[in-house]
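A.B. asks: Following this line is model_12.pdb, made up of PDB, C-alpha atoms:
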ATOM      1  CA  MET A   1       0.000   0.000   0.000
ATOM      2  CA  LYS A   2       1.412   3.361  -1.089
ATOM      3  CA  ILE A   3       0.918   5.852   1.757
ATOM      4  CA  CYS A   4       2.023   9.434   2.374
ATOM      5  CA  VAL A   5       1.873  11.559   5.515
ATOM      6  CA  ILE A   6       0.074  14.902   5.230
ATOM      7  CA  LEU A   7       1.127  17.687   7.593
ATOM      8  CA  PRO A   8      -1.104  20.788   7.618
ATOM      9  CA  SER A   9       1.138  23.508   9.006
ATOM     10  CA  HIS A  10       0.443  26.973  10.393
ATOM     11  CA  ASN A  11       3.305  28.661  12.253
ATOM     12  CA  GLU A  12       5.077  25.430  13.240
ATOM     13  CA  GLU A  13       8.709  26.319  12.501
ATOM     14  CA  GLN A  14       9.860  25.057  15.911
ATOM     15  CA  THR A  15       8.626  21.470  15.469
ATOM     16  CA  LEU A  16       8.319  20.878  11.729
ATOM     17  CA  GLU A  17      11.832  19.821  10.743
ATOM     18  CA  GLU A  18      12.286  17.254  13.522
ATOM     19  CA  LEU A  19       8.797  15.853  12.942
ATOM     20  CA  ILE A  20       9.526  15.322   9.243
ATOM     21  CA  HIS A  21      12.836  13.668  10.121
ATOM     22  CA  GLN A  22      11.123  11.219  12.501
ATOM     23  CA  ILE A  23       8.374  10.353  10.009
ATOM     24  CA  ARG A  24      10.906   9.671   7.255
ATOM     25  CA  ARG A  25      12.393   6.891   9.411
ATOM     26  CA  PHE A  26       9.334   4.856   8.402
ATOM     27  CA  ASN A  27      10.141   5.403   4.702
ATOM     28  CA  LEU A  28       6.919   7.319   4.192
ATOM     29  CA  PRO A  29       6.872  10.392   1.926
ATOM     30  CA  VAL A  30       5.773  13.586   3.652
ATOM     31  CA  VAL A  31       3.593  16.324   2.194
ATOM     32  CA  VAL A  32       3.614  19.661   4.038
ATOM     33  CA  ILE A  33       0.828  22.133   3.252
ATOM     34  CA  ASP A  34       1.605  25.554   4.675
ATOM     35  CA  ASP A  35      -1.548  27.438   5.611
ATOM     36  CA  GLY A  36      -0.373  31.027   5.358
ATOM     37  CA  SER A  37       2.235  30.864   8.126
ATOM     38  CA  THR A  38       3.675  34.177   9.287
ATOM     39  CA  ASP A  39       6.827  32.548  10.681
ATOM     40  CA  ASN A  40       9.467  30.567   8.740
ATOM     41  CA  SER A  41       7.500  27.299   8.566
ATOM     42  CA  LEU A  42       7.515  27.375   4.768
ATOM     43  CA  GLY A  43      11.283  27.918   4.626
ATOM     44  CA  VAL A  44      11.904  25.132   7.143
ATOM     45  CA  ALA A  45       9.754  22.699   5.163
ATOM     46  CA  ARG A  46      11.536  23.532   1.901
ATOM     47  CA  LYS A  47      14.889  22.617   3.436
ATOM     48  CA  THR A  48      13.698  19.028   3.963
ATOM     49  CA  ASP A  49      12.922  16.289   1.439
ATOM     50  CA  ALA A  50       9.172  16.734   1.947
ATOM     51  CA  ALA A  51       6.871  17.787  -0.868
ATOM     52  CA  VAL A  52       5.763  21.320   0.004
ATOM     53  CA  LEU A  53       2.518  23.055  -0.980
ATOM     54  CA  SER A  54       1.346  26.488   0.119
ATOM     55  CA  ASN A  55      -2.069  28.086   0.414
ATOM     56  CA  GLY A  56      -0.518  31.534   0.111
ATOM     57  CA  ARG A  57      -2.836  32.788   2.849
ATOM     58  CA  ASN A  58      -4.592  31.266   5.836
ATOM     59  CA  LEU A  59      -7.571  29.240   4.559
ATOM     60  CA  GLY A  60      -8.214  26.927   7.510
ATOM     61  CA  LYS A  61      -7.360  23.360   8.422
ATOM     62  CA  GLY A  62     -10.089  21.790   6.333
ATOM     63  CA  ALA A  63      -9.049  23.558   3.137
ATOM     64  CA  THR A  64      -5.451  22.631   3.883
ATOM     65  CA  LEU A  65      -6.281  18.963   4.365
ATOM     66  CA  ILE A  66      -8.332  18.917   1.166
ATOM     67  CA  LYS A  67      -5.362  20.298  -0.783
ATOM     68  CA  GLY A  68      -3.260  17.468   0.640
ATOM     69  CA  PHE A  69      -5.897  14.872  -0.240
ATOM     70  CA  GLU A  70      -6.051  16.135  -3.825
ATOM     71  CA  TYR A  71      -2.260  15.933  -4.084
ATOM     72  CA  ALA A  72      -2.290  12.357  -2.784
ATOM     73  CA  MET A  73      -4.976  11.261  -5.240
ATOM     74  CA  ARG A  74      -3.189  12.898  -8.191
ATOM     75  CA  ASN A  75      -0.002  11.081  -7.266
ATOM     76  CA  GLY A  76      -1.458   7.602  -6.924
ATOM     77  CA  PHE A  77      -1.395   7.082  -3.157
ATOM     78  CA  ASP A  78      -3.600   4.351  -1.696
ATOM     79  CA  ALA A  79      -4.030   6.118   1.648
ATOM     80  CA  VAL A  80      -2.916   9.157   3.601
ATOM     81  CA  ILE A  81      -1.928   9.607   7.215
ATOM     82  CA  THR A  82      -2.766  13.012   8.652
ATOM     83  CA  MET A  83      -0.837  14.368  11.625
ATOM     84  CA  ASP A  84      -0.680  17.714  13.395
ATOM     85  CA  ALA A  85       2.573  19.571  12.742
ATOM     86  CA  ASP A  86       2.909  20.945  16.287
ATOM     87  CA  GLY A  87       4.533  17.800  17.694
ATOM     88  CA  GLN A  88       1.484  16.519  19.597
ATOM     89  CA  HIS A  89       1.325  13.335  17.536
ATOM     90  CA  LEU A  90       4.184  10.883  17.838
ATOM     91  CA  PRO A  91       5.530   9.188  14.685
ATOM     92  CA  SER A  92       6.264   6.138  16.842
ATOM     93  CA  ASP A  93       2.504   5.409  16.708
ATOM     94  CA  ILE A  94       2.481   5.186  12.900
ATOM     95  CA  PRO A  95       2.963   1.362  12.792
ATOM     96  CA  ALA A  96      -0.394   0.858  14.554
ATOM     97  CA  PHE A  97      -2.122   2.705  11.710
ATOM     98  CA  LEU A  98      -0.244   0.775   9.039
ATOM     99  CA  GLN A  99      -1.143  -2.538  10.658
ATOM    100  CA  ALA A 100      -4.843  -1.644  10.939
ATOM    101  CA  ALA A 101      -4.936  -0.444   7.319
ATOM    102  CA  ALA A 102      -4.598  -4.050   6.144
ATOM    103  CA  GLU A 103      -8.237  -4.667   7.126
ATOM    104  CA  PRO A 104     -10.324  -3.906   3.994
ATOM    105  CA  ARG A 105     -13.449  -2.961   5.994
ATOM    106  CA  TYR A 106     -11.688   0.002   7.603
ATOM    107  CA  GLY A 107     -12.119   3.240   5.663
ATOM    108  CA  ILE A 108     -10.537   5.380   8.360
ATOM    109  CA  VAL A 109      -8.217   4.472  11.211
ATOM    110  CA  ILE A 110      -8.352   7.205  13.863
ATOM    111  CA  GLY A 111      -6.197   7.764  16.915
ATOM    112  CA  ASN A 112      -7.710   7.414  20.372
ATOM    113  CA  ARG A 113      -6.125   9.552  23.110
ATOM    114  CA  MET A 114      -8.915   9.013  25.627
ATOM    115  CA  ALA A 115      -7.513   5.895  27.289
ATOM    116  CA  ALA A 116      -4.804   8.007  28.945
ATOM    117  CA  VAL A 117      -5.985  11.546  29.641
ATOM    118  CA  ARG A 118      -3.885  12.328  32.694
ATOM    119  CA  ASN A 119      -1.929  15.049  30.883
ATOM    120  CA  MET A 120      -4.803  16.244  28.688
ATOM    121  CA  PRO A 121      -6.236  19.645  29.704
ATOM    122  CA  MET A 122      -9.584  19.103  31.417
ATOM    123  CA  VAL A 123     -11.446  21.334  28.976
ATOM    124  CA  ARG A 124     -10.277  19.056  26.152
ATOM    125  CA  VAL A 125     -11.340  15.937  28.035
ATOM    126  CA  ILE A 126     -14.852  17.322  28.488
ATOM    127  CA  THR A 127     -15.113  18.681  24.932
ATOM    128  CA  ASN A 128     -13.727  15.516  23.319
ATOM    129  CA  THR A 129     -15.997  13.263  25.366
ATOM    130  CA  PHE A 130     -19.141  15.195  24.471
ATOM    131  CA  MET A 131     -18.329  15.670  20.791
ATOM    132  CA  SER A 132     -17.261  12.039  20.397
ATOM    133  CA  TRP A 133     -20.574  10.924  21.901
ATOM    134  CA  MET A 134     -22.534  13.152  19.542
ATOM    135  CA  ILE A 135     -20.548  12.221  16.427
ATOM    136  CA  SER A 136     -20.749   8.524  17.310
ATOM    137  CA  LYS A 137     -24.545   8.827  17.405
ATOM    138  CA  ILE A 138     -24.645  10.467  13.974
ATOM    139  CA  CYS A 139     -22.220   7.940  12.477
ATOM    140  CA  LYS A 140     -23.898   5.019  14.274
ATOM    141  CA  GLN A 141     -20.439   3.742  15.169
ATOM    142  CA  ARG A 142     -18.427   4.047  18.368
ATOM    143  CA  ILE A 143     -15.703   6.670  17.879
ATOM    144  CA  PRO A 144     -14.062   7.280  21.288
ATOM    145  CA  ASP A 145     -11.958  10.269  20.148
ATOM    146  CA  SER A 146     -13.602  11.928  17.170
ATOM    147  CA  GLN A 147     -11.480  15.061  17.554
ATOM    148  CA  CYS A 148      -8.125  13.359  17.034
ATOM    149  CA  GLY A 149      -6.418  14.568  13.850
ATOM    150  CA  PHE A 150      -4.020  11.602  13.735
ATOM    151  CA  ARG A 151      -5.705   9.430  11.098
ATOM    152  CA  LEU A 152      -5.203   7.068   8.203
ATOM    153  CA  ILE A 153      -7.729   7.599   5.409
ATOM    154  CA  LYS A 154      -7.948   5.254   2.431
ATOM    155  CA  LYS A 155      -8.330   6.422  -1.159
ATOM    156  CA  GLU A 156     -11.697   4.658  -1.465
ATOM    157  CA  VAL A 157     -13.013   7.159   1.084
ATOM    158  CA  LEU A 158     -11.279  10.199  -0.389
ATOM    159  CA  GLN A 159     -12.439   9.437  -3.919
ATOM    160  CA  LYS A 160     -16.095   9.135  -2.905
ATOM    161  CA  THR A 161     -16.306  11.863  -0.271
ATOM    162  CA  LYS A 162     -17.795  15.271  -1.136
ATOM    163  CA  LEU A 163     -16.667  17.779   1.494
ATOM    164  CA  SER A 164     -18.523  21.073   1.914
ATOM    165  CA  THR A 165     -16.530  22.556   4.817
ATOM    166  CA  ARG A 166     -13.109  24.196   4.953
ATOM    167  CA  LYS A 167     -12.352  24.827   8.647
ATOM    168  CA  PHE A 168     -11.924  22.565  11.697
ATOM    169  CA  GLU A 169     -15.326  20.939  11.208
ATOM    170  CA  THR A 170     -13.975  19.239   8.058
ATOM    171  CA  GLU A 171     -12.472  16.466  10.195
ATOM    172  CA  SER A 172     -15.941  15.662  11.569
ATOM    173  CA  GLU A 173     -17.510  15.870   8.104
ATOM    174  CA  ILE A 174     -15.024  13.245   6.875
ATOM    175  CA  LEU A 175     -16.234  10.894   9.613
ATOM    176  CA  PHE A 176     -19.896  11.505   8.731
ATOM    177  CA  GLU A 177     -19.279  10.840   5.050
ATOM    178  CA  THR A 178     -17.179   7.752   5.741
ATOM    179  CA  ALA A 179     -19.935   6.212   7.859
ATOM    180  CA  LYS A 180     -22.563   7.125   5.253
ATOM    181  CA  LEU A 181     -20.535   5.269   2.623
ATOM    182  CA  GLY A 182     -20.658   2.143   4.799
ATOM    183  CA  PHE A 183     -17.018   2.020   5.866
ATOM    184  CA  VAL A 184     -15.900   1.091   9.374
ATOM    185  CA  ILE A 185     -14.153   3.813  11.392
ATOM    186  CA  HIS A 186     -11.583   1.960  13.487
ATOM    187  CA  SER A 187      -9.699   3.410  16.471
ATOM    188  CA  VAL A 188      -6.157   2.691  17.658
ATOM    189  CA  PRO A 189      -4.606   3.998  20.889
ATOM    190  CA  VAL A 190      -2.107   6.833  20.504
ATOM    191  CA  LYS A 191      -0.028   8.918  22.846
ATOM    192  CA  THR A 192      -0.203  12.705  22.746
ATOM    193  CA  ILE A 193       2.289  15.281  23.926
ATOM    194  CA  TYR A 194       0.771  18.446  25.377
ATOM    195  CA  ARG A 195       2.956  21.514  25.542
ATOM    196  CA  SER A 196       2.225  25.145  26.359
ATOM    197  CA  GLU A 197       1.464  26.046  22.736
ATOM    198  CA  ASN A 198      -1.684  27.964  21.904
ATOM    199  CA  SER A 199      -4.427  26.065  20.115
ATOM    200  CA  HIS A 200      -5.345  27.200  16.604
ATOM    201  CA  ILE A 201      -9.000  26.507  17.453
ATOM    202  CA  ASN A 202     -11.128  29.495  18.426
ATOM    203  CA  PRO A 203     -13.297  28.085  21.241
ATOM    204  CA  ILE A 204     -16.239  30.366  20.410
ATOM    205  CA  SER A 205     -16.395  30.857  16.640
ATOM    206  CA  ASP A 206     -15.232  27.337  15.765
ATOM    207  CA  THR A 207     -17.696  25.752  18.201
ATOM    208  CA  ILE A 208     -20.589  27.819  16.846
ATOM    209  CA  ARG A 209     -19.637  26.981  13.266
ATOM    210  CA  PHE A 210     -19.383  23.267  14.168
ATOM    211  CA  PHE A 211     -22.867  23.103  15.669
ATOM    212  CA  LYS A 212     -24.322  25.004  12.701
ATOM    213  CA  PHE A 213     -22.687  22.474  10.407
ATOM    214  CA  VAL A 214     -24.047  19.513  12.410
ATOM    215  CA  ARG A 215     -27.552  21.000  12.287
ATOM    216  CA  ARG A 216     -27.318  21.480   8.503
ATOM    217  CA  TYR A 217     -25.931  17.990   8.030
ATOM    218  CA  LYS A 218     -28.676  16.314  10.062
ATOM    219  CA  LYS A 219     -31.362  18.233   8.138
ATOM    220  CA  SER A 220     -29.875  17.139   4.801
ATOM    221  CA  ARG A 221     -29.854  13.407   5.628
TER     222      ARG A 221
END
In structure tokens, write the structure found in this file.
C.D. replies:
Amino acid sequence: MKICVILPSHNEEQTLEELIHQIRRFNLPVVVIDDGSTDNSLGVARKTDAAVLSNGRNLGKGATLIKGFEYAMRNGFDAVITMDADGQHLPSDIPAFLQAAAEPRYGIVIGNRMAAVRNMPMVRVITNTFMSWMISKICKQRIPDSQCGFRLIKKEVLQKTKLSTRKFETESEILFETAKLGFVIHSVPVKTIYRSENSHINPISDTIRFFKFVRRYKKSR
């Protein structure tokens, strides 16, 4: 199976180079999509052997992921692994995704951080638990950590999925569409490193936009 790792990046110059280096140890090609960074993330990425794309301006995580998906499909990849570029996701967990990908029923393999939440900020524990419960109900599958961006997505899903969103809610829309297509969404345990970095998620505007999207989606079913 031909797989690449997609790294959406926005102001991640401190972590990007080392992350790419660690991923490359698994002989997986890396695709960095810079989402209008104002630091030197783009320059750092271009010094590595990763393929580098740029939005030119900040378009949002969803739009950035979609650009990566389109690149992967144009270049004949069978699946993509998505990881956050801020160092929260550990490349050492990649083998668990590769092993699970061998099961043909699985359309998406998603990381599950909720088995070990001791170091997770409490607000994230509460938010993740609630949103995972709600998204699991819509998908009619148990997804213990629907907000985890560490995922393996197969081309059969990407080729058939029509995405209407472009911000953080895109990751939830992918799960909805995958379930609607009849694929299994499988979870594997992952470790997560929490640092003092600021989240790119706006807790007010992104939450409001997410619930508006869920309401529209449920009405359209």
A.B. asks: Give me the result of the PyMOL selection byres ((chain A and resi 80-86) around 9) on this file, residue by residue, as a PyMOL selection string.
C.D. replies: chain A and resi 2-16+19-20+32+65+68-69+72+77-79+87-91+94+97+149-155+197
A.B. asks: Would you write out, as a list in words, every residue that the PyMOL selection byres ((chain A and resi 134) around 12) captures in this file?
C.D. replies: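 Selection result, ordered by chain and number: Thr127, Asn128, Thr129, Phe130, Met131, Ser132, Trp133, Ile135, Ser136, Lys137, Ile138, Cys139, Lys140, Gln141, Arg142, Ile143, Pro144, Asp145, Ser146, Gln147, Ser172, Leu175, Phe176, Phe210, Phe211, Val214, Arg215 and Lys218 of chain A.
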A.B. asks: Those residues you just picked out, can you put them in a file as an mmCIF file, keeping the file's coordinate frame with C-alpha atoms?
C.D. replies:
data_model
loop_
_atom_site.group_PDB
_atom_site.id
_atom_site.type_symbol
_atom_site.label_atom_id
_atom_site.label_comp_id
_atom_site.auth_asym_id
_atom_site.auth_seq_id
_atom_site.Cartn_x
_atom_site.Cartn_y
_atom_site.Cartn_z
ATOM 1 C CA THR A 127 -15.113 18.681 24.932
ATOM 2 C CA ASN A 128 -13.727 15.516 23.319
ATOM 3 C CA THR A 129 -15.997 13.263 25.366
ATOM 4 C CA PHE A 130 -19.141 15.195 24.471
ATOM 5 C CA MET A 131 -18.329 15.670 20.791
ATOM 6 C CA SER A 132 -17.261 12.039 20.397
ATOM 7 C CA TRP A 133 -20.574 10.924 21.901
ATOM 8 C CA ILE A 135 -20.548 12.221 16.427
ATOM 9 C CA SER A 136 -20.749 8.524 17.310
ATOM 10 C CA LYS A 137 -24.545 8.827 17.405
ATOM 11 C CA ILE A 138 -24.645 10.467 13.974
ATOM 12 C CA CYS A 139 -22.220 7.940 12.477
ATOM 13 C CA LYS A 140 -23.898 5.019 14.274
ATOM 14 C CA GLN A 141 -20.439 3.742 15.169
ATOM 15 C CA ARG A 142 -18.427 4.047 18.368
ATOM 16 C CA ILE A 143 -15.703 6.670 17.879
ATOM 17 C CA PRO A 144 -14.062 7.280 21.288
ATOM 18 C CA ASP A 145 -11.958 10.269 20.148
ATOM 19 C CA SER A 146 -13.602 11.928 17.170
ATOM 20 C CA GLN A 147 -11.480 15.061 17.554
ATOM 21 C CA SER A 172 -15.941 15.662 11.569
ATOM 22 C CA LEU A 175 -16.234 10.894 9.613
ATOM 23 C CA PHE A 176 -19.896 11.505 8.731
ATOM 24 C CA PHE A 210 -19.383 23.267 14.168
ATOM 25 C CA PHE A 211 -22.867 23.103 15.669
ATOM 26 C CA VAL A 214 -24.047 19.513 12.410
ATOM 27 C CA ARG A 215 -27.552 21.000 12.287
ATOM 28 C CA LYS A 218 -28.676 16.314 10.062
#
A.B. asks: Residues picked by the PyMOL selection byres ((chain A and resi 184) around 7) here, as a list in words?
C.D. replies: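 Given this file, the PyMOL selection byres ((chain A and resi 184) around 7) evaluates to Arg105, Tyr106, Gly107, Ile108, Ala179, Gly182, Phe183, Ile185 and His186 of chain A.
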A.B. asks: Nearest to A:Glu17 among A:Lys212, A:Lys47, A:Arg166, A:Lys191, with distances taken over only C-alpha atoms: which residue is it?
C.D. replies: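 Using only C-alpha atoms, the shortest distance to A:Glu17 belongs to A:Lys47.
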A.B. asks: So that I can see what lies close to A:Thr170, please list as JSON, numbers by chain the residues with an atom at most 9 Å from it, counting only C-alpha atoms and leaving out residues fewer than 2 positions away in the same chain.
C.D. replies: {"A": [61, 62, 63, 65, 66, 163, 164, 165, 166, 167, 168, 172, 173, 174, 175]}
A.B. asks: Deliver the residues from the most recent selection as a file, using C-alpha atoms, as an mmCIF file, keeping the file's coordinate frame.
C.D. replies:
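Now in again_1.cif:
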data_model
loop_
_atom_site.group_PDB
_atom_site.id
_atom_site.type_symbol
_atom_site.label_atom_id
_atom_site.label_comp_id
_atom_site.auth_asym_id
_atom_site.auth_seq_id
_atom_site.Cartn_x
_atom_site.Cartn_y
_atom_site.Cartn_z
ATOM 1 C CA LYS A 61 -7.360 23.360 8.422
ATOM 2 C CA GLY A 62 -10.089 21.790 6.333
ATOM 3 C CA ALA A 63 -9.049 23.558 3.137
ATOM 4 C CA LEU A 65 -6.281 18.963 4.365
ATOM 5 C CA ILE A 66 -8.332 18.917 1.166
ATOM 6 C CA LEU A 163 -16.667 17.779 1.494
ATOM 7 C CA SER A 164 -18.523 21.073 1.914
ATOM 8 C CA THR A 165 -16.530 22.556 4.817
ATOM 9 C CA ARG A 166 -13.109 24.196 4.953
ATOM 10 C CA LYS A 167 -12.352 24.827 8.647
ATOM 11 C CA PHE A 168 -11.924 22.565 11.697
ATOM 12 C CA SER A 172 -15.941 15.662 11.569
ATOM 13 C CA GLU A 173 -17.510 15.870 8.104
ATOM 14 C CA ILE A 174 -15.024 13.245 6.875
ATOM 15 C CA LEU A 175 -16.234 10.894 9.613
#
A.B. asks: Report the distance between atom CA of A:Val157 and atom CA of A:Val188 in Å, rounded to one decimal place.
C.D. replies: 18.5 Å
A.B. asks: Which of these, A:Pro121, A:Leu158, A:Asp39, A:Val44, has the shortest distance to A:Tyr71 once you count only C-alpha atoms?
C.D. replies: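 Closest candidate: A:Leu158.
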A.B. asks: One decimal, Å: what's the distance from atom CA of A:Gly60 over to atom CA of A:Glu169, could you say?
C.D. replies: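 Distance between the two atoms: 10.0 Å.
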A.B. asks: I need the residue nearest A:Gln22 from this list: A:Thr192, A:Asn75, A:Ser54, A:Thr48. Use only C-alpha atoms for the distance.
C.D. replies: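 Looking at the shortest contact to A:Gln22, the residue is A:Thr48.
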A.B. asks: Go ahead and compute the interatomic distance for atom CA of A:Ala51 and atom CA of A:Asp93, in Å to one decimal.
C.D. replies: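 Computing the Euclidean distance for atom CA of A:Ala51 and atom CA of A:Asp93 yields 21.9 Å.
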A.B. asks: Could you check the closest approach to A:Ala115 for each of A:Ile208, A:Val190, A:Leu59, A:Ile33 and tell me which residue wins, using only C-alpha atoms?
C.D. replies: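 For A:Ala115, the nearest of the candidates is A:Val190.
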A.B. asks: From the options A:Asp49, A:Glu18, A:Asp34, A:Glu177, which residue's atoms come nearest to A:Glu156, counting all atoms listed in the file?
C.D. replies: A:Glu177
